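So this block is target.txt, compact mmCIF, C-alpha atoms and all ligand atoms:
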```txt
# COMPACT_ATOMS: atom_id res chain seq x y z
CA MET A 76 29.19 -10.97 3.45
CA THR A 77 25.47 -11.41 2.92
CA ALA A 78 24.35 -14.56 1.14
CA ARG A 79 22.81 -14.19 -2.32
CA ARG A 80 19.06 -14.41 -2.18
CA SER A 81 16.79 -15.49 -4.98
CA SER A 82 13.64 -14.42 -3.10
CA PRO A 83 13.15 -11.73 -0.44
CA LEU A 84 11.65 -14.50 1.73
CA ASP A 85 14.92 -16.47 1.78
CA GLY A 86 16.24 -16.65 5.33
CA VAL A 87 13.03 -15.24 6.85
CA PRO A 88 11.68 -17.47 9.67
CA LEU A 89 8.08 -18.60 9.20
CA LEU A 90 5.53 -19.61 11.87
CA ALA A 91 6.77 -23.22 11.93
CA ASP A 92 10.26 -21.90 12.81
CA LEU A 93 8.92 -20.66 16.16
CA GLY A 94 9.01 -24.23 17.51
CA PRO A 95 6.50 -25.34 20.17
CA ILE A 96 4.36 -22.43 21.34
CA ASP A 97 1.89 -24.17 23.65
CA GLY A 98 1.50 -21.82 26.64
CA ALA A 99 3.86 -19.21 25.14
CA SER A 100 3.06 -15.50 25.13
CA VAL A 101 3.27 -14.26 21.55
CA LEU A 102 3.32 -10.61 20.46
CA VAL A 103 1.91 -10.13 16.96
CA ARG A 104 2.55 -6.82 15.13
CA VAL A 105 -0.56 -6.40 12.98
CA ASP A 106 -1.61 -3.55 10.69
CA PHE A 107 -5.06 -2.63 11.98
CA ASN A 108 -4.74 0.92 10.68
CA VAL A 109 -8.30 0.66 9.35
CA PRO A 110 -10.84 3.38 8.53
CA VAL A 111 -12.86 4.29 11.63
CA GLU A 112 -15.85 6.63 11.53
CA ALA A 113 -17.88 8.46 14.14
CA ASN A 114 -21.33 6.99 14.38
CA GLU A 115 -23.29 9.70 16.26
CA PRO A 116 -24.66 9.30 18.87
CA GLY A 117 -23.13 5.81 19.25
CA PRO A 118 -19.43 4.95 19.50
CA CYS A 119 -16.97 5.03 16.55
CA GLU A 120 -17.00 2.02 14.25
CA VAL A 121 -14.61 0.27 11.89
CA VAL A 122 -15.99 0.79 8.37
CA ASP A 123 -13.65 -1.57 6.50
CA ASP A 124 -12.21 -4.62 8.29
CA PHE A 125 -10.23 -6.03 5.29
CA ARG A 126 -6.89 -5.74 7.09
CA ILE A 127 -8.29 -7.31 10.27
CA ARG A 128 -9.70 -10.28 8.37
CA MET A 129 -6.43 -10.78 6.52
CA ALA A 130 -4.59 -11.26 9.84
CA LEU A 131 -7.02 -13.88 11.16
CA PRO A 132 -5.31 -17.02 9.76
CA THR A 133 -2.11 -16.14 11.64
CA LEU A 134 -3.94 -15.25 14.87
CA GLU A 135 -5.94 -18.51 14.66
CA TRP A 136 -2.80 -20.54 13.84
CA LEU A 137 -1.21 -19.31 17.06
CA VAL A 138 -4.33 -19.63 19.25
CA THR A 139 -5.10 -23.20 18.13
CA ARG A 140 -1.53 -24.20 19.04
CA GLY A 141 -2.03 -22.98 22.59
CA ALA A 142 -0.30 -19.58 22.43
CA ARG A 143 -1.53 -16.59 24.43
CA VAL A 144 -1.76 -13.98 21.71
CA THR A 145 -1.42 -10.20 22.06
CA ALA A 146 -1.78 -8.06 18.95
CA ALA A 147 -0.37 -4.54 18.57
CA SER A 148 -0.93 -1.93 15.86
CA HIS A 149 -0.85 1.77 15.14
CA LEU A 150 -3.97 3.67 14.05
CA GLY A 151 -3.98 7.01 12.28
CA ARG A 152 -1.69 9.88 13.28
CA PRO A 153 -2.15 10.56 17.00
CA ALA A 154 0.39 13.42 16.97
CA LYS A 155 -1.85 15.28 14.50
CA ASP A 156 -5.35 13.99 15.22
CA GLY A 157 -5.19 13.52 19.00
CA ARG A 158 -5.37 10.42 21.14
CA GLU A 159 -9.12 10.14 21.38
CA ARG A 160 -9.62 9.92 17.61
CA CYS A 161 -6.85 7.34 17.36
CA SER A 162 -7.93 5.04 20.18
CA MET A 163 -7.90 1.31 19.34
CA GLU A 164 -11.27 0.84 21.11
CA PRO A 165 -13.41 0.51 17.93
CA VAL A 166 -10.85 -1.88 16.44
CA ARG A 167 -10.83 -3.86 19.69
CA ARG A 168 -14.62 -4.33 19.40
CA SER A 169 -14.29 -5.52 15.77
CA LEU A 170 -11.50 -7.91 16.66
CA ALA A 171 -13.39 -9.30 19.67
CA ALA A 172 -16.12 -10.50 17.31
CA LEU A 173 -13.61 -12.19 14.97
CA ALA A 174 -10.87 -13.44 17.33
CA PRO A 175 -12.21 -13.28 20.91
CA LYS A 176 -9.10 -14.83 22.49
CA VAL A 177 -6.72 -12.19 21.13
CA VAL A 178 -5.81 -9.20 23.32
CA LEU A 179 -5.16 -5.88 21.52
CA LEU A 180 -2.73 -3.31 22.94
CA GLU A 181 -3.40 0.45 22.73
CA ASN A 182 -2.14 2.43 19.69
CA LEU A 183 1.63 1.91 19.36
CA ARG A 184 2.08 5.47 18.10
CA PHE A 185 0.83 6.89 21.40
CA ASP A 186 4.48 6.43 22.41
CA PRO A 187 6.91 8.54 20.35
CA GLY A 188 9.42 5.69 20.74
CA GLU A 189 7.50 3.69 18.12
CA GLU A 190 8.24 5.92 15.14
CA ALA A 191 11.64 6.96 16.52
CA ASN A 192 12.65 3.28 16.77
CA ASP A 193 13.74 3.85 20.37
CA PRO A 194 15.44 0.73 21.85
CA ALA A 195 13.99 1.54 25.30
CA PHE A 196 10.48 1.39 23.79
CA VAL A 197 11.31 -1.97 22.18
CA ASP A 198 12.42 -3.28 25.60
CA ARG A 199 9.12 -2.20 27.16
CA LEU A 200 7.13 -3.64 24.26
CA VAL A 201 8.67 -7.15 24.30
CA ASP A 202 8.73 -7.41 28.09
CA GLY A 203 6.95 -10.61 29.17
CA PHE A 204 6.70 -12.11 25.66
CA ASP A 205 8.32 -15.36 24.51
CA ALA A 206 8.02 -14.85 20.74
CA TYR A 207 7.17 -12.25 18.09
CA VAL A 208 5.29 -12.47 14.80
CA ASN A 209 5.14 -9.77 12.13
CA GLU A 210 1.79 -9.84 10.33
CA ALA A 211 1.87 -6.17 9.27
CA PHE A 212 2.79 -6.04 5.59
CA GLY A 213 1.26 -2.53 5.32
CA VAL A 214 4.08 -1.10 7.48
CA ALA A 215 6.85 -3.56 6.56
CA HIS A 216 8.69 -0.71 4.77
CA ARG A 217 8.96 1.33 7.97
CA ALA A 218 11.93 0.92 10.33
CA HIS A 219 9.71 1.55 13.37
CA ALA A 220 10.34 0.04 16.80
CA SER A 221 7.63 -2.63 16.69
CA ILE A 222 8.74 -3.73 13.19
CA VAL A 223 12.52 -3.97 13.44
CA GLY A 224 13.11 -4.14 17.22
CA PRO A 225 11.50 -7.35 18.54
CA PRO A 226 13.34 -9.79 16.18
CA ARG A 227 16.62 -8.72 17.84
CA ARG A 228 15.31 -9.90 21.17
CA LEU A 229 12.84 -12.75 20.59
CA PRO A 230 12.40 -15.84 18.40
CA SER A 231 10.38 -14.39 15.54
CA ALA A 232 8.44 -15.21 12.41
CA ALA A 233 6.67 -13.68 9.42
CA GLY A 234 2.89 -14.10 9.56
CA ILE A 235 1.04 -16.11 6.91
CA ARG A 236 -0.30 -13.07 5.04
CA LEU A 237 2.96 -11.13 5.17
CA ALA A 238 4.83 -14.11 3.71
CA GLU A 239 2.17 -14.51 1.03
CA GLU A 240 2.33 -10.82 0.06
CA VAL A 241 6.11 -11.00 -0.37
CA GLU A 242 5.95 -14.30 -2.23
CA VAL A 243 3.24 -13.16 -4.67
CA LEU A 244 4.96 -9.86 -5.43
CA GLY A 245 8.35 -11.56 -5.79
CA ARG A 246 6.93 -14.05 -8.29
CA LEU A 247 5.15 -11.32 -10.23
CA LEU A 248 8.39 -9.38 -10.64
CA ASP A 249 10.69 -12.33 -11.23
CA GLU A 250 8.86 -14.36 -13.79
CA PRO A 251 5.73 -12.53 -14.95
CA GLU A 252 3.77 -14.03 -17.79
CA ARG A 253 4.06 -11.57 -20.64
CA PRO A 254 2.80 -9.16 -21.70
CA PHE A 255 3.24 -7.65 -18.23
CA VAL A 256 1.36 -4.33 -17.93
CA ALA A 257 1.93 -2.02 -14.95
CA VAL A 258 -0.43 0.87 -14.20
CA VAL A 259 0.64 3.62 -11.79
CA GLY A 260 -1.38 6.65 -10.73
CA GLY A 261 -1.48 8.94 -7.70
CA ALA A 262 -0.21 12.36 -6.89
CA LYS A 263 3.42 12.44 -5.87
CA VAL A 264 6.06 11.74 -8.53
CA HIS A 265 9.01 12.13 -6.15
CA ASP A 266 7.66 9.29 -3.97
CA LYS A 267 7.23 7.00 -6.92
CA LEU A 268 10.11 7.77 -9.27
CA GLY A 269 12.19 4.84 -8.02
CA VAL A 270 9.36 2.40 -8.41
CA LEU A 271 8.48 3.81 -11.83
CA HIS A 272 12.08 3.07 -12.86
CA SER A 273 11.86 -0.53 -11.63
CA LEU A 274 8.48 -1.09 -13.26
CA ALA A 275 9.55 0.49 -16.55
CA ASP A 276 12.53 -1.91 -16.57
CA LYS A 277 10.44 -4.97 -15.79
CA ALA A 278 7.08 -4.41 -17.48
CA ASP A 279 6.34 -4.57 -21.20
CA VAL A 280 4.11 -1.51 -20.87
CA LEU A 281 3.94 1.08 -18.07
CA LEU A 282 0.74 3.14 -18.11
CA ILE A 283 1.00 6.38 -16.13
CA GLY A 284 -2.02 8.42 -14.96
CA GLY A 285 -3.02 10.58 -12.01
CA ALA A 286 -1.48 13.90 -11.12
CA MET A 287 2.02 12.55 -11.72
CA ALA A 288 1.32 12.41 -15.46
CA PHE A 289 1.57 16.23 -15.59
CA THR A 290 5.22 16.26 -14.57
CA PHE A 291 5.83 13.88 -17.49
CA PHE A 292 3.82 16.21 -19.76
CA ALA A 293 6.03 19.08 -18.61
CA ALA A 294 9.07 16.93 -19.42
CA LEU A 295 7.73 16.73 -22.98
CA GLY A 296 7.47 20.52 -23.06
CA ARG A 297 3.67 20.67 -22.72
CA ASP A 298 1.80 23.39 -20.86
CA VAL A 299 0.08 21.83 -17.85
CA GLY A 300 -2.15 24.78 -16.88
CA ALA A 301 -2.94 24.74 -13.15
CA SER A 302 -2.47 20.95 -12.83
CA LEU A 303 -0.31 19.54 -10.03
CA LEU A 304 3.31 19.73 -11.10
CA ASP A 305 6.48 18.59 -9.36
CA GLU A 306 8.96 21.06 -10.85
CA GLY A 307 11.94 19.40 -9.18
CA GLN A 308 11.26 16.11 -10.96
CA ILE A 309 10.80 17.29 -14.54
CA GLU A 310 14.35 16.39 -15.54
CA SER A 311 14.16 12.93 -13.93
CA CYS A 312 10.89 12.30 -15.76
CA ARG A 313 12.50 13.38 -19.03
CA LEU A 314 15.36 10.93 -18.53
CA LEU A 315 12.99 8.15 -17.57
CA LEU A 316 10.93 8.71 -20.73
CA GLN A 317 14.07 8.86 -22.85
CA GLY A 318 15.27 5.45 -21.70
CA HIS A 319 11.88 3.75 -21.69
CA PRO A 320 9.78 3.84 -24.85
CA ASN A 321 7.39 1.40 -23.12
CA ILE A 322 6.01 4.25 -20.93
CA VAL A 323 2.56 5.32 -22.08
CA LEU A 324 1.09 8.68 -21.00
CA PRO A 325 -2.52 9.89 -21.27
CA THR A 326 -3.46 11.43 -24.62
CA ASP A 327 -6.44 13.31 -23.22
CA VAL A 328 -7.36 14.76 -19.85
CA LEU A 329 -10.54 15.83 -18.04
CA ALA A 330 -9.87 19.32 -16.70
CA LEU A 331 -11.58 21.74 -14.30
CA GLU A 332 -12.06 25.42 -15.17
CA PRO A 333 -9.89 28.11 -13.54
CA GLY A 334 -10.83 28.64 -9.91
CA GLY A 335 -13.15 25.58 -9.91
CA VAL A 336 -13.62 23.68 -6.66
CA PHE A 337 -13.02 19.94 -6.42
CA GLY A 338 -12.80 17.27 -3.76
CA SER A 339 -15.07 14.76 -2.07
CA HIS A 340 -17.59 17.43 -1.03
CA ALA A 341 -17.03 19.80 -3.94
CA PRO A 342 -20.32 19.36 -5.82
CA GLY A 343 -22.14 20.77 -2.80
CA VAL A 344 -19.80 23.76 -2.47
CA GLY A 345 -20.67 26.99 -4.26
CA PRO A 346 -21.60 27.18 -7.93
CA ARG A 347 -20.89 24.04 -9.92
CA SER A 348 -17.75 24.49 -11.97
CA ASP A 349 -17.21 23.60 -15.58
CA THR A 350 -15.13 20.68 -16.85
CA LYS A 351 -13.90 19.76 -20.33
CA VAL A 352 -11.78 17.17 -22.09
CA VAL A 353 -8.51 18.51 -23.48
CA GLY A 354 -5.34 17.01 -25.00
CA GLN A 355 -1.85 16.99 -23.45
CA GLU A 356 -1.74 20.81 -23.59
CA LEU A 357 -3.86 22.40 -20.86
CA PRO A 358 -5.36 25.86 -21.36
CA TYR A 359 -4.20 28.58 -18.95
CA GLY A 360 -5.63 28.08 -15.43
CA TRP A 361 -7.30 24.71 -16.19
CA LYS A 362 -6.48 21.86 -13.84
CA GLY A 363 -6.22 18.27 -15.14
CA LEU A 364 -8.00 15.97 -12.68
CA ASP A 365 -8.67 12.71 -14.52
CA ILE A 366 -7.56 10.83 -17.61
CA GLY A 367 -9.87 11.55 -20.54
CA PRO A 368 -12.26 9.03 -22.14
CA ASP A 369 -9.92 8.11 -25.03
CA THR A 370 -7.09 7.40 -22.61
CA ALA A 371 -9.39 5.37 -20.34
CA GLU A 372 -10.41 3.19 -23.30
CA ALA A 373 -6.83 2.86 -24.58
CA PHE A 374 -5.55 1.90 -21.10
CA ALA A 375 -8.43 -0.61 -20.73
CA ALA A 376 -7.57 -2.19 -24.12
CA THR A 377 -3.89 -2.55 -23.15
CA ILE A 378 -4.88 -4.12 -19.83
CA ALA A 379 -7.29 -6.51 -21.61
CA GLY A 380 -4.37 -7.94 -23.62
CA ALA A 381 -2.08 -8.47 -20.61
CA ARG A 382 -1.13 -11.81 -19.05
CA THR A 383 0.06 -10.06 -15.87
CA VAL A 384 -1.19 -6.74 -14.44
CA PHE A 385 0.05 -4.69 -11.49
CA TRP A 386 -1.94 -1.57 -10.58
CA ASN A 387 -1.24 1.06 -7.90
CA GLY A 388 -2.76 4.51 -7.46
CA PRO A 389 -5.87 6.33 -8.72
CA LEU A 390 -5.80 7.71 -12.27
CA GLY A 391 -7.54 10.92 -11.18
CA ALA A 392 -8.84 12.84 -8.16
CA ASN A 393 -11.38 10.07 -7.66
CA GLU A 394 -12.73 11.30 -4.30
CA ASP A 395 -14.74 13.69 -6.49
CA GLU A 396 -17.26 11.67 -8.48
CA ARG A 397 -16.74 13.91 -11.54
CA PHE A 398 -13.10 12.77 -11.74
CA ALA A 399 -13.58 9.11 -10.82
CA SER A 400 -14.40 7.65 -14.28
CA GLY A 401 -10.82 6.96 -15.40
CA THR A 402 -9.99 5.10 -12.19
CA ARG A 403 -13.27 3.17 -12.41
CA ARG A 404 -12.63 2.17 -16.05
CA VAL A 405 -9.14 0.93 -15.17
CA ALA A 406 -10.48 -0.99 -12.13
CA GLU A 407 -13.07 -2.70 -14.33
CA ALA A 408 -10.47 -3.54 -16.98
CA VAL A 409 -8.18 -5.07 -14.33
CA ALA A 410 -11.10 -7.14 -12.96
CA ASP A 411 -12.04 -8.30 -16.50
CA CYS A 412 -8.47 -9.18 -17.48
CA PRO A 413 -8.06 -12.96 -17.82
CA GLY A 414 -4.35 -12.76 -16.87
CA TYR A 415 -2.90 -12.64 -13.33
CA THR A 416 -3.93 -9.37 -11.68
CA MET A 417 -2.56 -7.65 -8.60
CA VAL A 418 -3.72 -4.40 -7.02
CA GLY A 419 -1.20 -2.70 -4.75
CA GLY A 420 -3.08 -1.57 -1.65
CA GLY A 421 -4.14 1.91 -0.48
CA ASP A 422 -6.55 3.94 -2.61
CA SER A 423 -6.66 1.40 -5.46
CA ALA A 424 -7.59 -1.44 -3.08
CA MET A 425 -10.37 0.74 -1.69
CA VAL A 426 -11.67 1.43 -5.21
CA VAL A 427 -11.87 -2.24 -6.19
CA ASP A 428 -13.55 -2.99 -2.87
CA THR A 429 -16.10 -0.18 -3.21
CA LEU A 430 -16.94 -1.24 -6.77
CA GLY A 431 -17.40 -4.85 -5.64
CA LEU A 432 -14.55 -5.99 -7.94
CA ALA A 433 -12.17 -7.38 -5.30
CA ASP A 434 -13.27 -11.02 -5.86
CA ARG A 435 -12.29 -10.74 -9.51
CA ILE A 436 -8.74 -9.55 -8.79
CA ASP A 437 -6.23 -12.33 -8.14
CA PHE A 438 -4.43 -10.55 -5.32
CA VAL A 439 -5.35 -7.34 -3.51
CA SER A 440 -2.37 -6.28 -1.40
CA THR A 441 -2.85 -4.98 2.15
CA GLY A 442 0.03 -2.50 1.64
CA GLY A 443 0.39 0.14 -1.08
CA GLY A 444 3.59 1.79 0.16
CA ALA A 445 5.11 -1.54 1.19
CA SER A 446 4.48 -3.18 -2.19
CA LEU A 447 6.02 -0.20 -3.98
CA ALA A 448 9.04 -0.27 -1.65
CA LEU A 449 9.50 -4.00 -2.26
CA ILE A 450 9.34 -3.46 -6.03
CA GLU A 451 11.85 -0.62 -5.82
CA HIS A 452 14.37 -2.12 -3.37
CA GLY A 453 13.78 -5.88 -3.58
CA ASP A 454 13.68 -6.01 0.24
CA LEU A 455 11.96 -4.43 3.26
CA PRO A 456 13.20 -3.42 6.73
CA ALA A 457 10.74 -5.89 8.33
CA LEU A 458 12.19 -8.80 6.33
CA ALA A 459 15.79 -7.81 7.03
CA ALA A 460 14.99 -7.70 10.76
CA LEU A 461 13.32 -11.13 10.69
CA ARG A 462 16.32 -12.63 8.86
CA ALA A 463 18.48 -11.61 11.83
CA ALA A 464 16.19 -13.20 14.45
CA PRO A 465 17.83 -15.83 16.70
CA ASN A 466 15.70 -18.63 15.22
CA ALA A 467 16.06 -17.58 11.55
CA PRO A 468 17.18 -20.33 9.19
CA GLY A 469 20.95 -20.00 8.78
CA VAL A 470 21.48 -17.74 11.82
CA LYS A 471 23.96 -19.13 14.37
CA PRO A 472 22.64 -19.01 17.96
CA ARG A 473 24.19 -16.11 19.89
CA ARG A 474 26.51 -17.14 22.72
P1 LIG B 1 -0.84 8.99 -3.87
O1 LIG B 1 -0.93 9.15 -2.38
O2 LIG B 1 0.40 9.54 -4.45
O3 LIG B 1 -1.14 7.57 -4.32
O4 LIG B 1 -2.00 9.89 -4.46
C1 LIG B 1 -3.36 9.64 -4.25
C2 LIG B 1 -4.09 10.92 -4.46
O5 LIG B 1 -3.82 11.44 -5.74
C3 LIG B 1 -5.61 10.81 -4.38
O6 LIG B 1 -6.03 11.50 -3.24
C4 LIG B 1 -6.11 11.52 -5.64
O7 LIG B 1 -7.11 12.43 -5.38
C5 LIG B 1 -4.89 12.29 -6.09
N1 LIG B 1 -4.89 12.56 -7.53
C6 LIG B 1 -4.88 11.68 -8.53
N2 LIG B 1 -4.89 12.32 -9.72
C7 LIG B 1 -4.92 13.64 -9.45
C8 LIG B 1 -4.93 14.81 -10.26
N3 LIG B 1 -4.92 14.73 -11.59
N4 LIG B 1 -4.90 16.01 -9.64
C9 LIG B 1 -4.89 16.10 -8.30
N5 LIG B 1 -4.90 15.03 -7.48
C10 LIG B 1 -4.92 13.81 -8.06
```
In structure tokens, what does this structure look like?
Amino acid sequence: MTARRSSPLDGVPLLADLGPIDGASVLVRVDFNVPVEANEPGPCEVVDDFRIRMALPTLEWLVTRGARVTAASHLGRPAKDGRERCSMEPVRRSLAALAPKVVLLENLRFDPGEEANDPAFVDRLVDGFDAYVNEAFGVAHRAHASIVGPPRRLPSAAGIRLAEEVEVLGRLLDEPERPFVAVVGGAKVHDKLGVLHSLADKADVLLIGGAMAFTFFAALGRDVGASLLDEGQIESCRLLLQGHPNIVLPTDVLALEPGGVFGSHAPGVGPRSDTKVVGQELPYGWKGLDIGPDTAEAFAATIAGARTVFWNGPLGANEDERFASGTRRVAEAVADCPGYTMVGGGDSAMVVDTLGLADRIDFVSTGGGASLALIEHGDLPALAALRAAPNAPGVKPRR
């Protein structure tokens, strides 16, 4: 039987549980999957080192206690983008300036054993190491080899930032100061239906924007024009709405004319297409790409009155400046909110960073998918693996 846990961190070994590490070789799984851009004619460069900086306290903790530290991460999708574009070399240069004593291995995903969670790959990975630390909250929801394998073989610990992420999110869900307002945007409803359920149960108000709002519109019988629609989820959205009167949908939408082009480079492509603000019914062929101005103001007012806010996902196709206003308005409202505010990684973290609002948010998570998975399931594969490590509190030493 598993013991009852009041927090997902219960039973997870922390750095102090590693015991003396002077002279030990420590493998640290980090999430240095950072944006890297070509810098012609010079070498590629890291353009946002947020995730690298967030791992520094753990790396420094280990180095100052005499450990020999090797970090390992994945970067991008080598199977799709090729090895050269996914080389860790630019990240290695960034890290060398911040933590010169830390060695960085090559991209873990260069070996198919990483994503396949192949035990033989785990054996090769941990060979020569005395201990393992997981400081990769961004991938803590993935049962990949470097996440769940090493704790079976080595004394292990959660890194400082990973533990903080889990602790902050746990507290926010367990005992939020009310009103608790959750804001969820983004494209894919099927990915987020579980988390929408959890948030609708826990929050006083759940504001929904982004492309996923159109599947909810369809559930209300509205015509969504050419907007993104997840037909297979209409019934689930209808049931969710039925049981949760605290879900608030947009009342107006900024839409693009039939055949119009959008995207990060769209304004430069072909003739400029027309946009207009419409209600929940979209005219034939029009594509809803942002929340409208009334909705943006209404969402901002709700956020202003909150004592706790959790936000994940853009409210529109914000890569295109014409459809970025709703997301920007929500980001500003979250930053202005005097209550406790948390932004859940990914696109939303990038938005608050780009707008210079990150300092005014109480906690910007390093993991979008991982925070949503923790909200939905109350646990993560990385934490479960650490709880089973030989040095975990409450684990009997193996004979
Ligand atoms: P997700 O990965 O599910 O968080 O979705 C993020 C993506 O959703 C971003 O690339 C946005 O461009 C996109 N998005 C948000 N709202 C819309 C919309 N109304 N129509 C199309 N794409 C959208």
Using all atoms of ligand LIG 1 (chain B) that appear in the file, construct an axis-aligned enclosing box with 6 Å of padding on every side and provide its centre coordinates and edge lengths in Å, rounded to one decimal, as lines of an AutoDock Vina configuration file.
```
center_x = -3.4
center_y = 11.8
center_z = -7.0
size_x = 19.5
size_y = 20.5
size_z = 21.2
```
Kindly compile the residues surrounding ligand LIG 1 (chain B) within 7 Å, counting all atoms listed in the file, and format them as a PyMOL selection string. chain A and resi 260-263+285-286+302-303+363-365+388-394+422
Pairwise distance for atom CA of Pro254 of chain A and atom CA of Leu84 of chain A, rounded to one decimal in Å: 25.6 Å
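Minimum distance to Val197 of chain A across A:Ile283, A:Val111, A:Leu102, A:Ala373 (counting only C-alpha atoms) occurs at A:Leu102.
Residues of protein, DNA and RNA with at least one atom no farther than 8 Å from (2.1, -10.0, 0.2) are, using only C-alpha atoms, Phe212, Arg236, Leu237, Ala238, Glu239, Glu240, Val241, Glu242, Val243, Leu244, Ser440, Thr441, Gly442 and Ser446 of chain A.
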Residues of the last selection are to be written out with C-alpha atoms, as a tab-separated table (two decimals), in the coordinates of the input.
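The resulting file, out.tsv, is reproduced below:
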```tsv
chain	number	residue	atom	x	y	z
A	212	PHE	CA	2.79	-6.04	5.59
A	236	ARG	CA	-0.30	-13.07	5.04
A	237	LEU	CA	2.96	-11.13	5.17
A	238	ALA	CA	4.83	-14.11	3.71
A	239	GLU	CA	2.17	-14.51	1.03
A	240	GLU	CA	2.33	-10.82	0.06
A	241	VAL	CA	6.11	-11.00	-0.37
A	242	GLU	CA	5.95	-14.30	-2.23
A	243	VAL	CA	3.24	-13.16	-4.67
A	244	LEU	CA	4.96	-9.86	-5.43
A	440	SER	CA	-2.37	-6.28	-1.40
A	441	THR	CA	-2.85	-4.98	2.15
A	442	GLY	CA	0.03	-2.50	1.64
A	446	SER	CA	4.48	-3.18	-2.19
```
Between atom CA of Leu315 of chain A and atom CA of Gly401 of chain A, measure the distance and give it in Å to one decimal. 23.9 Å
By how many Å are atom CA of Asp193 of chain A and atom CA of Pro225 of chain A apart? 11.6 Å
Where atoms are lacking, segment 94-99 of chain A completed to all heavy atoms, as a CSV table (one decimal), in the frame of the given file:
```csv
chain,number,residue,atom,x,y,z
A,94,GLY,N,8.9,-23.1,16.6
A,94,GLY,CA,9.0,-24.2,17.5
A,94,GLY,C,7.7,-24.3,18.3
A,94,GLY,O,6.7,-23.6,18.0
A,95,PRO,N,7.7,-25.2,19.4
A,95,PRO,CA,6.5,-25.3,20.2
A,95,PRO,C,6.1,-24.0,20.8
A,95,PRO,O,6.9,-23.3,21.4
A,95,PRO,CB,6.9,-26.4,21.2
A,95,PRO,CG,8.2,-26.9,20.8
A,95,PRO,CD,8.9,-25.9,19.9
A,96,ILE,N,4.8,-23.7,20.7
A,96,ILE,CA,4.4,-22.4,21.3
A,96,ILE,C,3.2,-22.6,22.3
A,96,ILE,O,2.6,-21.7,22.8
A,96,ILE,CB,3.9,-21.4,20.2
A,96,ILE,CG1,3.0,-22.1,19.3
A,96,ILE,CG2,5.1,-20.8,19.5
A,96,ILE,CD1,2.2,-21.1,18.4
A,97,ASP,N,3.0,-23.9,22.7
A,97,ASP,CA,1.9,-24.2,23.6
A,97,ASP,C,2.2,-23.4,25.0
A,97,ASP,O,3.3,-23.6,25.6
A,97,ASP,CB,1.8,-25.7,23.9
A,97,ASP,CG,0.5,-26.0,24.6
A,97,ASP,OD1,-0.3,-25.2,24.8
A,97,ASP,OD2,0.4,-27.2,25.1
A,98,GLY,N,1.3,-22.6,25.4
A,98,GLY,CA,1.5,-21.8,26.6
A,98,GLY,C,2.4,-20.6,26.5
A,98,GLY,O,2.6,-19.8,27.5
A,99,ALA,N,3.0,-20.4,25.3
A,99,ALA,CA,3.9,-19.2,25.1
A,99,ALA,C,3.1,-17.9,24.9
A,99,ALA,O,1.9,-17.9,24.4
A,99,ALA,CB,4.7,-19.4,23.9
```
